[in-house]
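Read the structure below first, then the notes.
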Amino acid sequence: MELFDVLGEPVRRRVLERLAGGGELSAGTLATLVGEEFGISQPAVSQHLRALREAGLVTVRPDGSRRIYALRPEPLVAAEGWLAGLRQFWSQRLDSLETELARGRRERRAAEEHRIPEHDDPGRSAGTTRRMA
(Lines give C-alpha, C1' and ligand atoms only; values in the text may rest on other atoms or scores of the structure.)
Protein backbone atom coordinates (compact mmCIF):
# COMPACT_ATOMS: atom_id res chain seq x y z
CA MET A 1 0.00 0.00 0.00
CA GLU A 2 1.31 3.45 -0.89
CA LEU A 3 2.31 5.77 1.95
CA PHE A 4 -0.23 8.45 1.08
CA ASP A 5 -2.99 5.83 0.80
CA VAL A 6 -2.18 4.78 4.36
CA LEU A 7 -2.01 8.39 5.56
CA GLY A 8 -5.33 9.17 3.90
CA GLU A 9 -7.22 7.30 6.62
CA PRO A 10 -8.12 9.49 9.66
CA VAL A 11 -7.84 6.60 12.14
CA ARG A 12 -4.30 5.83 11.00
CA ARG A 13 -3.30 9.48 11.15
CA ARG A 14 -4.59 9.63 14.73
CA VAL A 15 -2.60 6.52 15.67
CA LEU A 16 0.53 8.19 14.28
CA GLU A 17 -0.25 11.39 16.17
CA ARG A 18 -0.67 9.42 19.40
CA LEU A 19 2.64 7.65 18.84
CA ALA A 20 4.40 10.90 17.96
CA GLY A 21 3.17 12.49 21.17
CA GLY A 22 3.50 9.54 23.49
CA GLY A 23 6.49 7.51 22.38
CA GLU A 24 5.77 3.81 22.56
CA LEU A 25 2.23 2.63 23.24
CA SER A 26 0.73 -0.82 23.54
CA ALA A 27 -1.78 -2.09 21.01
CA GLY A 28 -4.38 -2.21 23.79
CA THR A 29 -3.80 1.42 24.75
CA LEU A 30 -4.01 2.51 21.12
CA ALA A 31 -7.16 0.44 20.61
CA THR A 32 -8.77 2.11 23.63
CA LEU A 33 -7.73 5.68 22.74
CA VAL A 34 -8.49 5.53 19.04
CA GLY A 35 -11.43 3.14 19.35
CA GLU A 36 -13.26 5.46 21.73
CA GLU A 37 -12.55 8.52 19.60
CA PHE A 38 -13.74 6.96 16.35
CA GLY A 39 -16.25 4.51 17.76
CA ILE A 40 -14.54 1.45 16.31
CA SER A 41 -13.73 -1.96 17.78
CA GLN A 42 -10.38 -3.34 18.90
CA PRO A 43 -10.18 -5.63 15.84
CA ALA A 44 -10.76 -2.62 13.56
CA VAL A 45 -7.94 -0.70 15.26
CA SER A 46 -5.74 -3.80 14.88
CA GLN A 47 -6.36 -3.73 11.12
CA HIS A 48 -5.22 -0.09 11.01
CA LEU A 49 -2.12 -0.97 13.02
CA ARG A 50 -1.38 -3.74 10.55
CA ALA A 51 -1.63 -1.30 7.61
CA LEU A 52 0.74 1.10 9.39
CA ARG A 53 3.18 -1.75 10.06
CA GLU A 54 3.08 -2.95 6.45
CA ALA A 55 3.70 0.61 5.21
CA GLY A 56 6.76 0.82 7.48
CA LEU A 57 5.35 3.73 9.49
CA VAL A 58 5.47 1.92 12.83
CA THR A 59 7.53 -0.76 14.48
CA VAL A 60 6.15 -3.37 16.83
CA ARG A 61 7.96 -5.33 19.50
CA PRO A 62 6.63 -7.99 21.82
CA ASP A 63 6.58 -7.31 25.55
CA GLY A 64 5.24 -10.46 27.14
CA SER A 65 1.71 -10.85 25.79
CA ARG A 66 1.53 -7.20 24.74
CA ARG A 67 2.60 -5.63 21.46
CA ILE A 68 4.34 -2.28 21.77
CA TYR A 69 4.15 0.16 18.85
CA ALA A 70 6.50 3.04 18.04
CA LEU A 71 6.59 5.58 15.23
CA ARG A 72 9.22 5.25 12.48
CA PRO A 73 9.98 8.82 11.35
CA GLU A 74 11.98 7.91 8.22
CA PRO A 75 9.01 7.36 5.87
CA LEU A 76 7.43 10.61 7.04
CA VAL A 77 10.68 12.50 6.46
CA ALA A 78 10.79 11.06 2.93
CA ALA A 79 7.16 12.13 2.35
CA GLU A 80 7.96 15.61 3.63
CA GLY A 81 10.86 15.81 1.18
CA TRP A 82 8.61 14.82 -1.70
CA LEU A 83 6.02 17.40 -0.67
CA ALA A 84 8.72 20.09 -0.41
CA GLY A 85 9.23 19.73 -4.16
CA LEU A 86 5.56 20.59 -4.68
CA ARG A 87 5.48 23.41 -2.14
CA GLN A 88 6.39 25.99 -4.79
CA PHE A 89 3.01 25.43 -6.44
CA TRP A 90 0.94 26.26 -3.38
CA SER A 91 3.36 28.82 -1.91
CA GLN A 92 2.69 31.20 -4.77
CA ARG A 93 -1.06 30.80 -4.31
CA LEU A 94 -0.76 31.34 -0.56
CA ASP A 95 1.32 34.47 -1.18
CA SER A 96 -1.41 35.74 -3.53
CA LEU A 97 -4.05 35.00 -0.90
CA GLU A 98 -2.06 36.91 1.72
CA THR A 99 -1.82 39.90 -0.64
CA GLU A 100 -5.59 39.87 -1.17
CA LEU A 101 -6.28 39.57 2.55
CA ALA A 102 -3.96 42.51 3.27
CA ARG A 103 -5.66 44.56 0.56
CA GLY A 104 -9.07 43.83 2.11
CA ARG A 105 -7.83 44.84 5.57
CA ARG A 106 -6.45 48.13 4.19
CA GLU A 107 -9.72 48.89 2.40
CA ARG A 108 -11.76 48.21 5.56
CA ARG A 109 -9.49 50.44 7.63
CA ALA A 110 -9.73 53.24 5.04
CA ALA A 111 -13.53 52.94 4.96
CA GLU A 112 -13.71 53.05 8.76
CA GLU A 113 -11.48 56.14 8.91
CA HIS A 114 -13.75 58.02 6.50
CA ARG A 115 -16.98 57.03 8.20
CA ILE A 116 -18.49 59.64 10.55
CA PRO A 117 -19.80 57.99 13.72
CA GLU A 118 -23.46 58.72 14.45
CA HIS A 119 -22.80 60.33 17.83
CA ASP A 120 -20.44 62.85 16.21
CA ASP A 121 -23.00 64.01 13.62
CA PRO A 122 -23.50 67.76 14.30
CA GLY A 123 -26.99 67.63 12.76
CA ARG A 124 -28.24 65.28 15.48
CA SER A 125 -28.77 66.04 19.09
CA ALA A 126 -28.44 63.40 21.77
CA GLY A 127 -31.53 61.30 22.29
CA THR A 128 -33.15 62.19 18.97
CA THR A 129 -33.51 60.18 15.84
CA ARG A 130 -33.75 61.35 12.30
CA ARG A 131 -36.87 60.59 10.38
CA MET A 132 -36.85 60.12 6.67
CA ALA A 133 -39.27 62.47 4.92
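Please note that chains go A, B, ... in the order of the C-alpha coordinates, that every chain numbers its residues from 1, and that ligands are numbered from 1 in the order shown.
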*Could you give me, as a list in words, each residue of chain A that DSSP assigns to strand (DSSP E) when run on this structure's backbone?*
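Strand (DSSP E) members of chain A, listed: Leu25, Ser26, Val58, Thr59, Val60, Arg61, Pro62, Asp63, Arg66, Arg67, Ile68, Tyr69, Ala70 and Leu71 of chain A.
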Write to file, as a PDB file, in the first residue's frame, the residues of the selection just made, with N, CA and C atoms.
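Printed below is result_16.pdb as written:
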```
ATOM      1  N   LEU A  25       3.520   2.944  22.629  1.00  0.00           N
ATOM      2  CA  LEU A  25       2.226   2.631  23.239  1.00  0.00           C
ATOM      3  C   LEU A  25       1.850   1.199  22.888  1.00  0.00           C
ATOM      4  N   SER A  26       1.160   0.556  23.795  1.00  0.00           N
ATOM      5  CA  SER A  26       0.726  -0.819  23.536  1.00  0.00           C
ATOM      6  C   SER A  26      -0.465  -0.816  22.578  1.00  0.00           C
ATOM      7  N   VAL A  58       5.318   2.251  11.418  1.00  0.00           N
ATOM      8  CA  VAL A  58       5.472   1.919  12.832  1.00  0.00           C
ATOM      9  C   VAL A  58       6.284   0.637  12.964  1.00  0.00           C
ATOM     10  N   THR A  59       6.881   0.498  14.133  1.00  0.00           N
ATOM     11  CA  THR A  59       7.529  -0.761  14.485  1.00  0.00           C
ATOM     12  C   THR A  59       6.719  -1.378  15.610  1.00  0.00           C
ATOM     13  N   VAL A  60       6.836  -2.667  15.742  1.00  0.00           N
ATOM     14  CA  VAL A  60       6.152  -3.375  16.832  1.00  0.00           C
ATOM     15  C   VAL A  60       7.153  -4.325  17.463  1.00  0.00           C
ATOM     16  N   ARG A  61       7.102  -4.384  18.777  1.00  0.00           N
ATOM     17  CA  ARG A  61       7.959  -5.325  19.500  1.00  0.00           C
ATOM     18  C   ARG A  61       7.113  -6.002  20.572  1.00  0.00           C
ATOM     19  N   PRO A  62       7.375  -7.280  20.777  1.00  0.00           N
ATOM     20  CA  PRO A  62       6.626  -7.985  21.824  1.00  0.00           C
ATOM     21  C   PRO A  62       7.150  -7.601  23.209  1.00  0.00           C
ATOM     22  N   ASP A  63       6.245  -7.540  24.148  1.00  0.00           N
ATOM     23  CA  ASP A  63       6.585  -7.307  25.548  1.00  0.00           C
ATOM     24  C   ASP A  63       5.670  -8.218  26.358  1.00  0.00           C
ATOM     25  N   ARG A  66       1.911  -8.474  25.385  1.00  0.00           N
ATOM     26  CA  ARG A  66       1.533  -7.196  24.740  1.00  0.00           C
ATOM     27  C   ARG A  66       2.385  -6.932  23.502  1.00  0.00           C
ATOM     28  N   ARG A  67       1.867  -6.104  22.631  1.00  0.00           N
ATOM     29  CA  ARG A  67       2.596  -5.634  21.457  1.00  0.00           C
ATOM     30  C   ARG A  67       2.765  -4.133  21.621  1.00  0.00           C
ATOM     31  N   ILE A  68       4.025  -3.686  21.563  1.00  0.00           N
ATOM     32  CA  ILE A  68       4.337  -2.278  21.766  1.00  0.00           C
ATOM     33  C   ILE A  68       4.671  -1.645  20.422  1.00  0.00           C
ATOM     34  N   TYR A  69       3.971  -0.538  20.119  1.00  0.00           N
ATOM     35  CA  TYR A  69       4.148   0.164  18.850  1.00  0.00           C
ATOM     36  C   TYR A  69       4.920   1.461  19.050  1.00  0.00           C
ATOM     37  N   ALA A  70       5.738   1.781  18.043  1.00  0.00           N
ATOM     38  CA  ALA A  70       6.497   3.035  18.035  1.00  0.00           C
ATOM     39  C   ALA A  70       6.489   3.592  16.613  1.00  0.00           C
ATOM     40  N   LEU A  71       6.570   4.878  16.514  1.00  0.00           N
ATOM     41  CA  LEU A  71       6.591   5.577  15.226  1.00  0.00           C
ATOM     42  C   LEU A  71       7.961   5.434  14.577  1.00  0.00           C
TER      43      LEU A  71
END
```
*What does the distance between CA of Arg50 in chain A and CA of Arg72 in chain A come to in Å, to one decimal place?*
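Rounded to one decimal, the two atoms are 14.0 Å apart.
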*Between CA of Gly35 in chain A and CA of Leu57 in chain A, measure the distance and give it in Å to one decimal.*
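Taking CA of Gly35 in chain A and CA of Leu57 in chain A, their separation equals 19.5 Å.
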_All residues 12 Å or closer to Phe38 in chain A, only C-alpha atoms, same chain fewer than 3 positions away omitted, as a list in words_ =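 Listed by chain and then number, they are Glu9, Pro10, Val11, Arg12, Arg13, Arg14, Val15, Leu30, Ala31, Thr32, Leu33, Val34, Gly35, Ser41, Gln42, Ala44 and Val45 of chain A.
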_Need to verify the contact set: Leu7 in chain A, 12 Å, only C-alpha atoms, exclusion of same-chain residues closer than 6 positions in sequence. Can you return it as a list in words?_
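What passes the distance filter is Met1, Arg13, Arg14, Val15, Leu16, Glu17, His48, Leu49, Ala51, Leu52, Ala55, Gly56, Leu57, Pro75, Leu76 and Ala79 of chain A.
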*So which bits of chain A end up alpha helix (DSSP H) when you DSSP the backbone, as a count of residues only?*
85
*Could you tell me how far CA of Glu98 in chain A lies from CA of Ala111 in chain A, in Å and to one decimal?*
20.0 Å
